[in-house]
$ cat run33.txt   # compact mmCIF, C-alpha atoms
# COMPACT_ATOMS: atom_id res chain seq x y z
CA MET C 256 15.84 -24.16 -15.48
CA ASN C 257 15.96 -24.19 -11.70
CA ARG C 258 19.57 -23.09 -11.62
CA PHE C 259 19.56 -20.42 -14.27
CA ILE C 260 16.11 -18.92 -13.71
CA PRO C 261 15.43 -19.35 -9.99
CA HIS C 262 12.28 -17.20 -9.99
CA PRO C 263 10.56 -17.07 -13.40
CA GLY C 264 7.71 -14.88 -12.12
CA LEU C 265 10.19 -12.33 -10.78
CA SER C 266 12.14 -12.39 -14.07
CA VAL C 267 9.03 -11.70 -16.16
CA MET C 268 8.00 -8.91 -13.79
CA LEU C 269 11.45 -7.31 -13.95
CA VAL C 270 11.43 -7.33 -17.76
CA ILE C 271 7.97 -5.70 -17.84
CA MET C 272 8.97 -3.14 -15.19
CA TRP C 273 12.12 -2.30 -17.15
CA MET C 274 10.12 -1.77 -20.35
CA VAL C 275 7.61 0.42 -18.52
CA MET C 276 10.34 2.46 -16.87
CA VAL C 277 12.31 3.10 -20.06
CA ASN C 278 8.99 3.91 -21.78
CA ASP C 279 10.25 2.76 -25.17
CA LEU C 280 9.32 -0.37 -27.13
CA THR C 281 12.45 -1.31 -29.11
CA PHE C 282 14.65 -4.37 -29.37
CA GLY C 283 17.44 -2.63 -27.44
CA THR C 284 15.37 -1.99 -24.33
CA LEU C 285 13.95 -5.51 -24.49
CA PHE C 286 17.48 -6.91 -24.65
CA LEU C 287 18.65 -4.85 -21.65
CA GLY C 288 15.46 -5.79 -19.82
CA LEU C 289 16.17 -9.47 -20.44
CA ILE C 290 19.68 -9.04 -19.05
CA VAL C 291 18.25 -7.41 -15.90
CA GLY C 292 15.49 -10.00 -15.67
CA ILE C 293 17.86 -12.97 -15.91
CA PHE C 294 20.86 -11.81 -13.90
CA LEU C 295 19.20 -9.94 -11.03
CA PRO C 296 17.27 -13.01 -9.73
CA LEU C 297 20.42 -15.06 -10.26
CA PHE C 298 22.55 -12.79 -8.07
CA THR C 299 19.91 -12.41 -5.38
CA ALA C 300 18.80 -16.05 -5.33
CA ALA C 301 20.86 -16.66 -2.17
CA TYR C 302 18.61 -14.23 -0.25
CA TRP C 303 15.38 -15.86 -1.41
CA PRO C 304 15.76 -19.60 -0.94
CA GLY C 305 13.12 -21.94 -2.33
CA ARG C 306 10.57 -21.17 -5.00
CA PRO C 307 6.94 -20.63 -3.99
CA LYS C 308 4.57 -22.62 -6.17
CA VAL C 309 2.26 -20.05 -7.72
CA ASN C 310 -0.82 -20.72 -9.82
CA PHE C 311 -0.63 -17.63 -12.04
CA ALA C 312 -4.12 -17.95 -13.59
CA VAL C 313 -5.76 -17.94 -10.16
CA GLY C 314 -3.33 -15.20 -9.14
CA PHE C 315 -4.50 -12.81 -11.86
CA ALA C 316 -8.14 -13.46 -10.94
CA TYR C 317 -7.18 -12.68 -7.34
CA ILE C 318 -5.50 -9.40 -8.35
CA ALA C 319 -8.61 -8.35 -10.29
CA LEU C 320 -10.81 -9.15 -7.27
CA VAL C 321 -8.52 -7.16 -4.96
CA LEU C 322 -8.44 -4.15 -7.30
CA TRP C 323 -12.22 -4.12 -7.42
CA ASP C 324 -12.38 -4.44 -3.61
CA ILE C 325 -9.91 -1.56 -3.21
CA ILE C 326 -12.25 0.74 -5.15
CA VAL C 327 -15.35 -0.37 -3.20
CA ALA C 328 -13.41 -0.20 0.08
CA ASN C 329 -12.35 3.35 -0.57
CA PHE C 330 -15.92 4.51 -0.95
CA GLU C 331 -16.76 2.79 2.35
CA VAL C 332 -13.80 4.35 4.16
CA ALA C 333 -14.57 7.76 2.65
CA ALA C 334 -18.19 7.47 3.87
CA ILE C 335 -16.98 6.57 7.38
CA ILE C 336 -14.51 9.48 7.44
CA LEU C 337 -17.06 11.99 6.16
CA PHE C 338 -20.26 10.99 7.91
CA LYS C 339 -19.61 8.88 11.02
CA PRO C 340 -18.93 10.91 14.20
CA ASN C 341 -16.10 9.74 16.43
CA HIS C 342 -18.32 8.55 19.30
CA LYS C 343 -20.18 6.17 16.95
CA LEU C 344 -16.95 4.69 15.58
CA GLN C 345 -16.14 1.20 16.92
CA PRO C 346 -12.49 0.43 16.11
CA ALA C 347 -11.23 -3.01 17.15
CA TRP C 348 -8.17 -5.24 17.04
CA LEU C 349 -8.72 -8.54 15.24
CA SER C 350 -6.52 -11.62 15.68
CA ILE C 351 -6.77 -13.71 12.52
CA PRO C 352 -5.57 -17.33 12.74
CA LEU C 353 -3.46 -18.08 9.64
CA ASP C 354 -3.89 -21.20 7.53
CA LEU C 355 -1.21 -20.01 5.07
CA ASP C 356 2.28 -21.15 5.95
CA THR C 357 4.78 -19.61 3.50
CA PRO C 358 6.23 -16.11 4.05
CA GLU C 359 5.24 -15.05 0.51
CA ALA C 360 1.60 -16.03 1.00
CA ILE C 361 1.38 -14.33 4.41
CA THR C 362 2.95 -11.17 2.97
CA VAL C 363 0.45 -11.01 0.12
CA PHE C 364 -2.40 -11.69 2.56
CA ALA C 365 -1.27 -8.90 4.91
CA GLY C 366 -0.87 -6.48 1.99
CA THR C 367 -4.34 -7.33 0.73
CA ILE C 368 -5.81 -6.70 4.17
CA SER C 369 -4.07 -3.33 4.41
CA LEU C 370 -5.46 -2.18 1.06
CA THR C 371 -9.08 -3.33 1.55
CA PRO C 372 -12.14 -2.28 3.63
CA GLY C 373 -11.23 -0.46 6.81
CA THR C 374 -8.54 -2.88 7.96
CA VAL C 375 -4.77 -2.45 8.39
CA SER C 376 -2.54 -5.40 9.22
CA ALA C 377 -0.26 -4.47 12.11
CA ASP C 378 1.80 -7.46 13.10
CA VAL C 379 2.30 -11.20 12.87
CA SER C 380 2.81 -13.40 15.92
CA ALA C 381 6.27 -14.72 16.72
CA CYS C 382 5.06 -18.28 16.11
CA GLY C 383 3.83 -17.25 12.63
CA THR C 384 0.25 -18.47 13.07
CA TRP C 385 -1.66 -15.26 13.94
CA LEU C 386 -2.08 -11.96 12.14
CA LEU C 387 -2.89 -8.80 14.11
CA VAL C 388 -5.27 -6.50 12.21
CA HIS C 389 -6.77 -3.17 13.18
CA ALA C 390 -10.29 -2.47 11.90
CA LEU C 391 -11.59 1.10 11.58
CA HIS C 392 -15.23 0.17 12.20
CA ALA C 393 -16.04 -3.39 13.29
CA PRO C 394 -19.17 -3.75 15.46
CA ASP C 395 -18.83 -7.54 15.14
CA PRO C 396 -15.11 -8.54 15.07
CA ALA C 397 -15.78 -12.29 14.71
CA ALA C 398 -17.84 -11.77 11.55
CA GLU C 399 -15.10 -9.51 10.13
CA VAL C 400 -12.46 -12.21 10.75
CA ALA C 401 -14.64 -14.85 9.08
CA ARG C 402 -15.29 -12.57 6.09
CA VAL C 403 -11.58 -11.83 5.51
CA LYS C 404 -10.63 -15.50 5.86
CA GLN C 405 -13.33 -16.68 3.51
CA ARG C 406 -12.90 -13.94 0.90
CA TYR C 407 -9.10 -13.64 0.65
CA GLU C 408 -7.35 -16.44 2.49
CA ALA C 409 -9.34 -19.24 0.84
CA ARG C 410 -8.44 -17.82 -2.59
CA LEU C 411 -4.79 -17.28 -1.64
CA LYS C 412 -4.54 -20.92 -0.59
CA ARG C 413 -5.40 -21.85 -4.16
CA VAL C 414 -2.90 -19.29 -5.58
CA PHE C 415 -0.06 -20.64 -3.43
CA ALA C 416 -1.18 -24.25 -3.74
CA MET B 135 -12.92 21.25 -19.17
CA ILE B 136 -9.68 19.65 -18.09
CA GLY B 137 -8.71 23.11 -16.81
CA TYR B 138 -11.57 23.14 -14.30
CA ALA B 139 -10.77 19.60 -13.19
CA LEU B 140 -7.12 20.54 -12.68
CA ALA B 141 -8.06 23.67 -10.73
CA PHE B 142 -10.32 21.64 -8.43
CA ALA B 143 -7.65 18.99 -7.89
CA PHE B 144 -4.96 21.61 -7.18
CA VAL B 145 -7.18 23.26 -4.54
CA ALA B 146 -8.07 19.88 -3.02
CA LEU B 147 -4.41 18.86 -2.77
CA ALA B 148 -3.40 22.23 -1.32
CA ALA B 149 -6.07 21.85 1.37
CA ALA B 150 -4.93 18.26 1.98
CA LEU B 151 -1.31 19.42 2.40
CA ALA B 152 -2.44 22.12 4.86
CA MET B 153 -4.27 19.47 6.90
CA ASN B 154 -1.21 17.22 6.90
CA LEU B 155 0.91 20.15 8.06
CA TRP B 156 -1.53 20.76 10.90
CA ARG B 157 -1.24 17.13 11.97
CA LEU B 158 2.55 17.33 11.66
CA LEU B 159 2.70 20.35 13.99
CA ARG B 160 0.04 19.10 16.40
CA GLY B 161 1.30 15.56 16.89
CA PRO B 162 0.57 14.37 19.56
CA GLY B 163 2.75 11.28 19.11
CA VAL B 164 5.81 10.72 16.96
CA GLY B 165 3.83 8.08 15.02
CA ASP B 166 1.31 10.72 14.00
CA ARG B 167 4.13 12.90 12.71
CA ILE B 168 5.61 10.09 10.62
CA LEU B 169 2.16 9.37 9.18
CA ALA B 170 1.66 13.08 8.42
CA LEU B 171 5.01 13.22 6.60
CA ASP B 172 4.18 10.07 4.63
CA THR B 173 0.85 11.51 3.55
CA MET B 174 2.51 14.80 2.65
CA VAL B 175 4.86 12.93 0.31
CA ILE B 176 1.89 11.19 -1.34
CA ASN B 177 0.07 14.50 -1.79
CA ALA B 178 3.22 16.16 -3.12
CA ILE B 179 3.49 13.39 -5.73
CA GLY B 180 -0.11 14.20 -6.67
CA MET B 181 0.85 17.88 -7.07
CA ILE B 182 3.76 16.96 -9.37
CA VAL B 183 1.48 14.74 -11.49
CA LEU B 184 -1.08 17.53 -11.80
CA ALA B 185 1.63 20.03 -12.75
CA GLY B 186 2.81 17.55 -15.40
CA ILE B 187 -0.69 17.37 -16.89
CA ALA B 188 -1.10 21.17 -16.74
CA ASP B 189 2.22 21.75 -18.52
CA GLY B 190 1.56 18.93 -20.95
CA ASP B 191 5.02 17.39 -20.67
CA GLY B 192 5.87 13.96 -19.38
CA THR B 193 9.28 14.66 -17.86
CA SER B 194 7.92 15.55 -14.42
CA PHE B 195 6.81 11.95 -13.91
CA GLU B 196 10.38 10.93 -13.30
CA ALA B 197 10.42 13.39 -10.39
CA ALA B 198 7.17 11.84 -9.13
CA MET B 199 8.68 8.36 -9.31
CA LEU B 200 11.84 9.38 -7.46
CA LEU B 201 9.80 11.10 -4.77
CA ALA B 202 7.65 7.98 -4.37
CA MET B 203 10.76 5.86 -3.80
CA VAL B 204 12.60 8.30 -1.52
CA GLY B 205 9.48 9.07 0.51
CA PHE B 206 8.84 5.39 1.16
CA VAL B 207 12.44 4.77 2.19
CA GLY B 208 12.28 7.80 4.49
CA THR B 209 9.13 6.56 6.22
CA VAL B 210 10.58 3.12 6.77
CA ALA B 211 13.85 4.60 8.04
CA TYR B 212 12.04 6.75 10.63
CA CYS B 213 10.05 3.75 11.81
CA LYS B 214 13.10 1.50 11.98
CA PHE B 215 14.94 4.12 14.00
CA LEU B 216 12.10 4.27 16.49
CA LEU B 217 11.87 0.49 16.66
CA ARG B 218 15.62 0.03 17.19
CA GLY B 219 16.52 3.26 19.01
CA ASP B 220 15.48 2.00 22.41
CA ILE B 221 15.50 -1.70 22.99
CA ILE B 222 12.84 -3.48 25.01
CA GLU B 223 13.86 -7.11 24.56
CA MET Y 255 -13.31 12.01 -34.03
CA THR Y 256 -14.28 15.08 -31.99
CA GLY Y 257 -16.76 12.89 -30.09
CA ASP Y 258 -13.95 10.55 -29.03
CA PHE Y 259 -11.80 13.51 -28.10
CA ALA Y 260 -14.52 15.00 -25.89
CA PHE Y 261 -15.14 11.64 -24.24
CA ALA Y 262 -11.43 11.16 -23.48
CA GLU Y 263 -11.20 14.63 -21.97
CA LEU Y 264 -14.34 13.99 -19.90
CA LEU Y 265 -12.93 10.69 -18.63
CA ALA Y 266 -9.57 12.26 -17.74
CA SER Y 267 -11.32 15.15 -15.97
CA ALA Y 268 -13.58 12.80 -14.00
CA LEU Y 269 -10.60 10.69 -12.89
CA ILE Y 270 -8.63 13.78 -11.83
CA VAL Y 271 -11.57 15.22 -9.87
CA LEU Y 272 -12.19 11.85 -8.19
CA GLY Y 273 -8.50 11.57 -7.32
CA GLY Y 274 -8.37 15.06 -5.83
CA ALA Y 275 -11.50 14.40 -3.80
CA PHE Y 276 -10.12 11.14 -2.39
CA ALA Y 277 -6.77 12.73 -1.50
CA LEU Y 278 -8.67 15.46 0.35
CA ILE Y 279 -10.86 12.92 2.20
CA GLY Y 280 -7.81 10.91 3.24
CA SER Y 281 -6.13 13.97 4.71
CA TRP Y 282 -9.38 15.01 6.40
CA GLY Y 283 -9.43 11.59 8.04
CA LEU Y 284 -5.87 12.23 9.23
CA VAL Y 285 -7.10 15.39 10.97
CA ARG Y 286 -10.37 14.28 12.52
CA LEU Y 287 -10.08 10.61 13.57
CA PRO Y 288 -9.41 10.00 17.29
CA SER Y 289 -6.05 8.17 17.51
CA LEU Y 290 -3.04 6.99 15.51
CA MET Y 291 -4.36 3.56 14.50
CA GLU Y 292 -7.62 5.05 13.21
CA ARG Y 293 -5.78 7.83 11.41
CA LEU Y 294 -3.69 5.21 9.64
CA HIS Y 295 -6.75 4.13 7.62
CA GLY Y 296 -7.36 7.47 5.89
CA PRO Y 297 -4.00 8.02 4.15
CA THR Y 298 -3.20 4.38 3.38
CA LYS Y 299 -6.44 3.81 1.49
CA ALA Y 300 -8.07 7.04 0.39
CA SER Y 301 -4.88 8.87 -0.57
CA THR Y 302 -3.46 5.88 -2.42
CA LEU Y 303 -6.61 5.45 -4.49
CA GLY Y 304 -6.78 9.24 -4.93
CA LEU Y 305 -3.31 9.28 -6.40
CA GLY Y 306 -4.12 6.18 -8.46
CA GLY Y 307 -7.11 8.01 -9.93
CA MET Y 308 -5.02 11.06 -10.78
CA LEU Y 309 -2.31 8.94 -12.41
CA LEU Y 310 -4.88 7.00 -14.44
CA GLY Y 311 -6.42 10.32 -15.50
CA SER Y 312 -2.97 11.45 -16.60
CA VAL Y 313 -2.44 8.26 -18.65
CA VAL Y 314 -5.81 8.78 -20.35
CA PHE Y 315 -5.05 12.46 -20.97
CA PHE Y 316 -1.62 11.94 -22.50
CA GLN Y 317 -2.69 8.91 -24.49
CA LEU Y 318 -5.96 10.10 -25.99
CA VAL Y 319 -5.81 13.91 -25.89
CA GLU Y 320 -2.13 14.68 -26.42
CA GLY Y 321 -1.37 11.51 -28.36
CA THR Y 322 1.90 10.73 -26.58
CA TRP Y 323 2.50 7.44 -24.88
CA THR Y 324 3.76 7.55 -21.30
CA THR Y 325 3.88 4.58 -18.97
CA HIS Y 326 5.69 6.13 -16.01
CA GLU Y 327 2.39 6.90 -14.29
CA LEU Y 328 1.56 3.21 -14.23
CA LEU Y 329 4.91 2.49 -12.61
CA VAL Y 330 4.32 5.19 -9.99
CA SER Y 331 0.89 3.81 -9.11
CA VAL Y 332 2.13 0.19 -8.97
CA PHE Y 333 4.95 1.33 -6.71
CA LEU Y 334 2.54 3.22 -4.43
CA PHE Y 335 0.15 0.28 -4.19
CA VAL Y 336 3.03 -2.01 -3.24
CA THR Y 337 4.59 0.34 -0.67
CA ALA Y 338 1.46 1.75 1.04
CA PRO Y 339 0.76 -1.44 3.09
CA ILE Y 340 4.41 -1.69 4.12
CA ALA Y 341 4.56 1.92 5.33
CA ALA Y 342 1.27 1.43 7.22
CA ASN Y 343 2.62 -1.78 8.75
CA MET Y 344 5.80 -0.04 9.94
CA ILE Y 345 3.81 2.78 11.55
CA ALA Y 346 1.53 0.23 13.24
CA LYS Y 347 4.63 -1.52 14.61
CA VAL Y 348 5.88 1.82 15.99
CA HIS Y 349 2.49 2.20 17.69
CA LEU Y 350 2.72 -1.29 19.23
CA HIS Y 351 6.27 -0.56 20.36
CA GLN Y 352 5.23 2.67 22.05
CA LEU Y 353 2.27 0.97 23.75
CA LYS Y 354 4.85 -1.23 25.48
CA LEU Y 355 6.73 1.92 26.53
CA GLY Y 356 3.65 3.31 28.27
CA LYS Y 357 1.74 5.29 25.62
CA THR Y 358 -2.03 5.36 26.23
CA PRO Y 359 -3.91 3.16 23.72
CA GLY Y 360 -6.62 4.53 21.43
CA PRO Y 361 -10.36 3.71 21.56
CA ALA Y 362 -9.71 0.11 20.49
CA GLY Y 363 -7.59 -0.54 23.60
CA PRO Y 364 -4.38 -2.56 23.55
CA PRO Y 365 -4.36 -5.65 21.27
CA ALA Y 366 -4.93 -9.10 22.81
CA GLU Y 367 -2.00 -11.53 23.03
CA PRO Y 368 -1.94 -14.06 20.15
CA GLY Y 369 -1.61 -17.18 22.31
CA PRO Y 370 -0.19 -18.65 25.50
CA ASP Y 371 3.25 -19.53 24.09
CA SER Y 372 4.07 -16.57 21.85
CA LEU Y 373 3.91 -12.76 21.55
CA TRP Y 374 3.52 -10.40 18.59
CA ALA Y 375 6.66 -10.17 16.45
CA THR Y 376 7.32 -6.56 17.54
CA TYR Y 377 7.93 -7.86 21.06
CA GLU Y 378 9.61 -11.18 20.40
CA ALA Y 379 11.99 -12.65 17.82
CA PRO Y 380 10.39 -15.19 15.45
CA HIS Y 381 10.41 -18.75 16.72
CA LYS Y 382 12.66 -21.32 15.07
CA GLY Y 383 11.05 -23.23 12.23
CA THR Y 384 8.37 -20.59 11.50
CA PRO Y 385 7.94 -18.80 8.15
CA GLY Y 386 9.56 -15.55 9.37
CA CYS Y 387 12.65 -17.12 10.92
CA PHE Y 388 15.88 -16.99 8.93
CA ALA Y 389 18.20 -18.01 11.80
CA GLU Y 390 20.11 -21.25 11.44
CA ASP Y 391 18.44 -24.14 13.22

$ encode --input "run33.txt" --output "structure tokens"
Amino acid sequence: MNRFIPHPGLSVMLVIMWMVMVNDLTFGTLFLGLIVGIFLPLFTAAYWPGRPKVNFAVGFAYIALVLWDIIVANFEVAAIILFKPNHKLQPAWLSIPLDLDTPEAITVFAGTISLTPGTVSADVSACGTWLLVHALHAPDPAAEVARVKQRYEARLKRVFA
Amino acid sequence: MIGYALAFAFVALAAALAMNLWRLLRGPGVGDRILALDTMVINAIGMIVLAGIADGDGTSFEAAMLLAMVGFVGTVAYCKFLLRGDIIE
Amino acid sequence: MTGDFAFAELLASALIVLGGAFALIGSWGLVRLPSLMERLHGPTKASTLGLGGMLLGSVVFFQLVEGTWTTHELLVSVFLFVTAPIAANMIAKVHLHQLKLGKTPGPAGPPAEPGPDSLWATYEAPHKGTPGCFAED
């Protein structure tokens, strides 16, 4: 199992992506998709050592939460862009201390931050324990950091448990 | 009804592309220009999708998908060039 | 049957209008916000959701009104949602890099240093033994 399917999540995703791309639900496309899904992770396994432990049930709940937040966030950002004059805007840099310690978890966390309310992740520190985030409108940066940590990072710690 | 929606969206995207073009010409920094180009690609994908709905054929979505991939690679290539072009370490 | 048809067309129209409006707002943010890091917020969020709305509208339209089954739109929107944060991150890194080369920072000022013994990854290679480091120990 470990040797022949190094990343089962990636394999399943590749098969689904292949089916969606070919846009055709027949046995032939499924067969080709399975070939892609099994051999591609096998050939690229050397570039992705180790397998992150992922709790998929919690992961799907997390994706649903993030999708909902993206929609809400967009209305907030749109309101700021349309109605808040530049001199009232208070942009700020936030340094978020990271409790996550695998590259996969940090990547997902940074991507989540970029897609949700008025924050874009800019950089990670060289020691891998801080995340640099730019906020479009943050009158209280400390509260923003606490909100992001509590809302996303706590959940991600359970996904990548 | 879908005709009115499409007309509105076409006008909105045309205005959005004009704004991106303004930012592309104005700058002031090279980062702003990269961002303007990236947004132009996204809006152009939107145009292709709308044209696909208006024509009622699904083949244009392959063009949209290719543009999404090439546009992303282009943005990253510009940024990488700027990050590696002059070395500060 | 006609009721369903009208509802599907209404839903597709609403999604397309919403998408167009968000794409417009994102580009308006690109024009009016004060500096690069603020401008980054408009296109990465509003335009991505705008395009997502349009693509969803297109799925609904082709599925329920035309009766043909296309999934490419879903792939395009998944791809955009995955790549938008990466593109934004690269542009933010270019901004950090140019701050070091003497560009004037925006209203937020320059970012604070992360700690006494390390810098941001744009300025310094990852330390050994950290998640981002692939060098041999």

$ atom_distance --input "run33.txt" --atom1 "atom CA of Leu355 of chain C" --atom2 "atom CA of Val379 of chain C"
12.3 Å

$ atom_distance --input "run33.txt" --atom1 "atom CA of Ala300 of chain Y" --atom2 "atom CA of Leu278 of chain Y"
8.4 Å

$ atom_distance --input "run33.txt" --atom1 "atom CA of Phe364 of chain C" --atom2 "atom CA of Ile340 of chain Y"
12.2 Å

$ closest_atom_pairs --input "run33.txt" --of "chain C" --to "chain Y" --cutoff "7 Å" --atoms "only C-alpha atoms" --output "JSON lines"
{"residue": "C:Val275", "atom": "CA", "partner": "Y:Thr325", "partner_atom": "CA", "distance": 5.6}
{"residue": "C:Met276", "atom": "CA", "partner": "Y:His326", "partner_atom": "CA", "distance": 6.0}
{"residue": "C:Asn278", "atom": "CA", "partner": "Y:Thr325", "partner_atom": "CA", "distance": 5.9}
{"residue": "C:Asn329", "atom": "CA", "partner": "Y:Ala300", "partner_atom": "CA", "distance": 5.7}
{"residue": "C:Ala333", "atom": "CA", "partner": "Y:Ile279", "partner_atom": "CA", "distance": 6.4}
{"residue": "C:Ile336", "atom": "CA", "partner": "Y:Gly283", "partner_atom": "CA", "distance": 5.5}
{"residue": "C:Asn341", "atom": "CA", "partner": "Y:Leu287", "partner_atom": "CA", "distance": 6.7}
{"residue": "C:Pro346", "atom": "CA", "partner": "Y:Ala362", "partner_atom": "CA", "distance": 5.2}
{"residue": "C:Ala347", "atom": "CA", "partner": "Y:Ala362", "partner_atom": "CA", "distance": 4.8}
{"residue": "C:Trp348", "atom": "CA", "partner": "Y:Pro365", "partner_atom": "CA", "distance": 5.7}
{"residue": "C:Ser350", "atom": "CA", "partner": "Y:Pro368", "partner_atom": "CA", "distance": 6.8}
{"residue": "C:Asp356", "atom": "CA", "partner": "Y:Pro385", "partner_atom": "CA", "distance": 6.5}
{"residue": "C:Thr357", "atom": "CA", "partner": "Y:Pro385", "partner_atom": "CA", "distance": 5.7}
{"residue": "C:Pro358", "atom": "CA", "partner": "Y:Pro385", "partner_atom": "CA", "distance": 5.2}
{"residue": "C:Gly366", "atom": "CA", "partner": "Y:Pro339", "partner_atom": "CA", "distance": 5.4}
{"residue": "C:Ser369", "atom": "CA", "partner": "Y:Pro339", "partner_atom": "CA", "distance": 5.4}
{"residue": "C:Leu370", "atom": "CA", "partner": "Y:Lys299", "partner_atom": "CA", "distance": 6.1}
{"residue": "C:Gly373", "atom": "CA", "partner": "Y:His295", "partner_atom": "CA", "distance": 6.5}
{"residue": "C:Val375", "atom": "CA", "partner": "Y:His295", "partner_atom": "CA", "distance": 6.9}
{"residue": "C:Ser376", "atom": "CA", "partner": "Y:Asn343", "partner_atom": "CA", "distance": 6.3}
{"residue": "C:Ala377", "atom": "CA", "partner": "Y:Ala346", "partner_atom": "CA", "distance": 5.2}
{"residue": "C:Asp378", "atom": "CA", "partner": "Y:Trp374", "partner_atom": "CA", "distance": 6.5}
{"residue": "C:Val379", "atom": "CA", "partner": "Y:Ala375", "partner_atom": "CA", "distance": 5.7}
{"residue": "C:Ser380", "atom": "CA", "partner": "Y:Trp374", "partner_atom": "CA", "distance": 4.1}
{"residue": "C:Ala381", "atom": "CA", "partner": "Y:Pro380", "partner_atom": "CA", "distance": 4.3}
{"residue": "C:Cys382", "atom": "CA", "partner": "Y:His381", "partner_atom": "CA", "distance": 5.4}
{"residue": "C:Gly383", "atom": "CA", "partner": "Y:Thr384", "partner_atom": "CA", "distance": 5.7}
{"residue": "C:Trp385", "atom": "CA", "partner": "Y:Pro368", "partner_atom": "CA", "distance": 6.3}
{"residue": "C:Leu391", "atom": "CA", "partner": "Y:Glu292", "partner_atom": "CA", "distance": 5.8}

$ write_last_selection --input "run33.txt" --atoms "C-alpha atoms" --output "compact mmCIF listing (two decimals), in the coordinates of the input"
# COMPACT_ATOMS: atom_id res chain seq x y z
CA VAL C 275 7.61 0.42 -18.52
CA MET C 276 10.34 2.46 -16.87
CA ASN C 278 8.99 3.91 -21.78
CA ASN C 329 -12.35 3.35 -0.57
CA ALA C 333 -14.57 7.76 2.65
CA ILE C 336 -14.51 9.48 7.44
CA ASN C 341 -16.10 9.74 16.43
CA PRO C 346 -12.49 0.43 16.11
CA ALA C 347 -11.23 -3.01 17.15
CA TRP C 348 -8.17 -5.24 17.04
CA SER C 350 -6.52 -11.62 15.68
CA ASP C 356 2.28 -21.15 5.95
CA THR C 357 4.78 -19.61 3.50
CA PRO C 358 6.23 -16.11 4.05
CA GLY C 366 -0.87 -6.48 1.99
CA SER C 369 -4.07 -3.33 4.41
CA LEU C 370 -5.46 -2.18 1.06
CA GLY C 373 -11.23 -0.46 6.81
CA VAL C 375 -4.77 -2.45 8.39
CA SER C 376 -2.54 -5.40 9.22
CA ALA C 377 -0.26 -4.47 12.11
CA ASP C 378 1.80 -7.46 13.10
CA VAL C 379 2.30 -11.20 12.87
CA SER C 380 2.81 -13.40 15.92
CA ALA C 381 6.27 -14.72 16.72
CA CYS C 382 5.06 -18.28 16.11
CA GLY C 383 3.83 -17.25 12.63
CA TRP C 385 -1.66 -15.26 13.94
CA LEU C 391 -11.59 1.10 11.58

$ residues_around --input "run33.txt" --residues "Ala277 of chain Y" --least-positions-apart "6" --cutoff "12 Å" --atoms "all atoms listed in the file" --output "PyMOL selection string"
(chain C and resi 329+333) or (chain B and resi 142-151+153-154+173-181) or (chain Y and resi 270-271+283-284+296-308)

$ closest_residue --input "run33.txt" --among "B:Ile182, B:Arg218, B:Leu201, B:Val210" --to "chain Y" --atoms "all atoms listed in the file"
B:Val210

$ axis_aligned_box --input "run33.txt" --around "segment 262-266 of chain C" --padding-each-side "8 Å" --output "AutoDock Vina command-line options"
--center_x 10.0 --center_y -14.8 --center_z -12.0 --size_x 20.6 --size_y 20.9 --size_z 20.1

$ closest_residue --input "run33.txt" --among "B:Leu184, B:Val164, B:Leu169, B:Ala152" --to "Ala139 of chain B" --atoms "all atoms listed in the file"
B:Leu184

$ interface_residues --input "run33.txt" --of "chain B" --to "chain C" --cutoff "12 Å" --atoms "all atoms listed in the file" --output "short mmCIF file (atom, residue, chain, number, x, y, z; two decimals) with C-alpha atoms, in the frame of the given file"
data_model
loop_
_atom_site.label_atom_id
_atom_site.label_comp_id
_atom_site.auth_asym_id
_atom_site.auth_seq_id
_atom_site.Cartn_x
_atom_site.Cartn_y
_atom_site.Cartn_z
CA GLY B 192 5.87 13.96 -19.38
CA THR B 193 9.28 14.66 -17.86
CA PHE B 195 6.81 11.95 -13.91
CA GLU B 196 10.38 10.93 -13.30
CA MET B 199 8.68 8.36 -9.31
CA LEU B 200 11.84 9.38 -7.46
#

$ residues_around --input "run33.txt" --residues "Lys412 of chain C" --least-positions-apart "6" --cutoff "12 Å" --atoms "only C-alpha atoms" --output "list in words"
Pro307, Lys308, Val309, Asn310, Val313, Gly314, Tyr317, Leu353, Asp354, Leu355, Asp356, Thr357, Glu359, Ala360, Ile361, Val363, Phe364, Lys404, Gln405 and Arg406 of chain C

$ closest_residue --input "run33.txt" --among "Y:Ser267, Y:Gln317, Y:Gln352, Y:Thr322" --to "chain B" --atoms "only C-alpha atoms"
Y:Ser267

$ closest_residue --input "run33.txt" --among "Y:Ala341, Y:Val319, Y:Leu334, Y:Leu353" --to "Ala260 of chain Y" --atoms "only C-alpha atoms"
Y:Val319
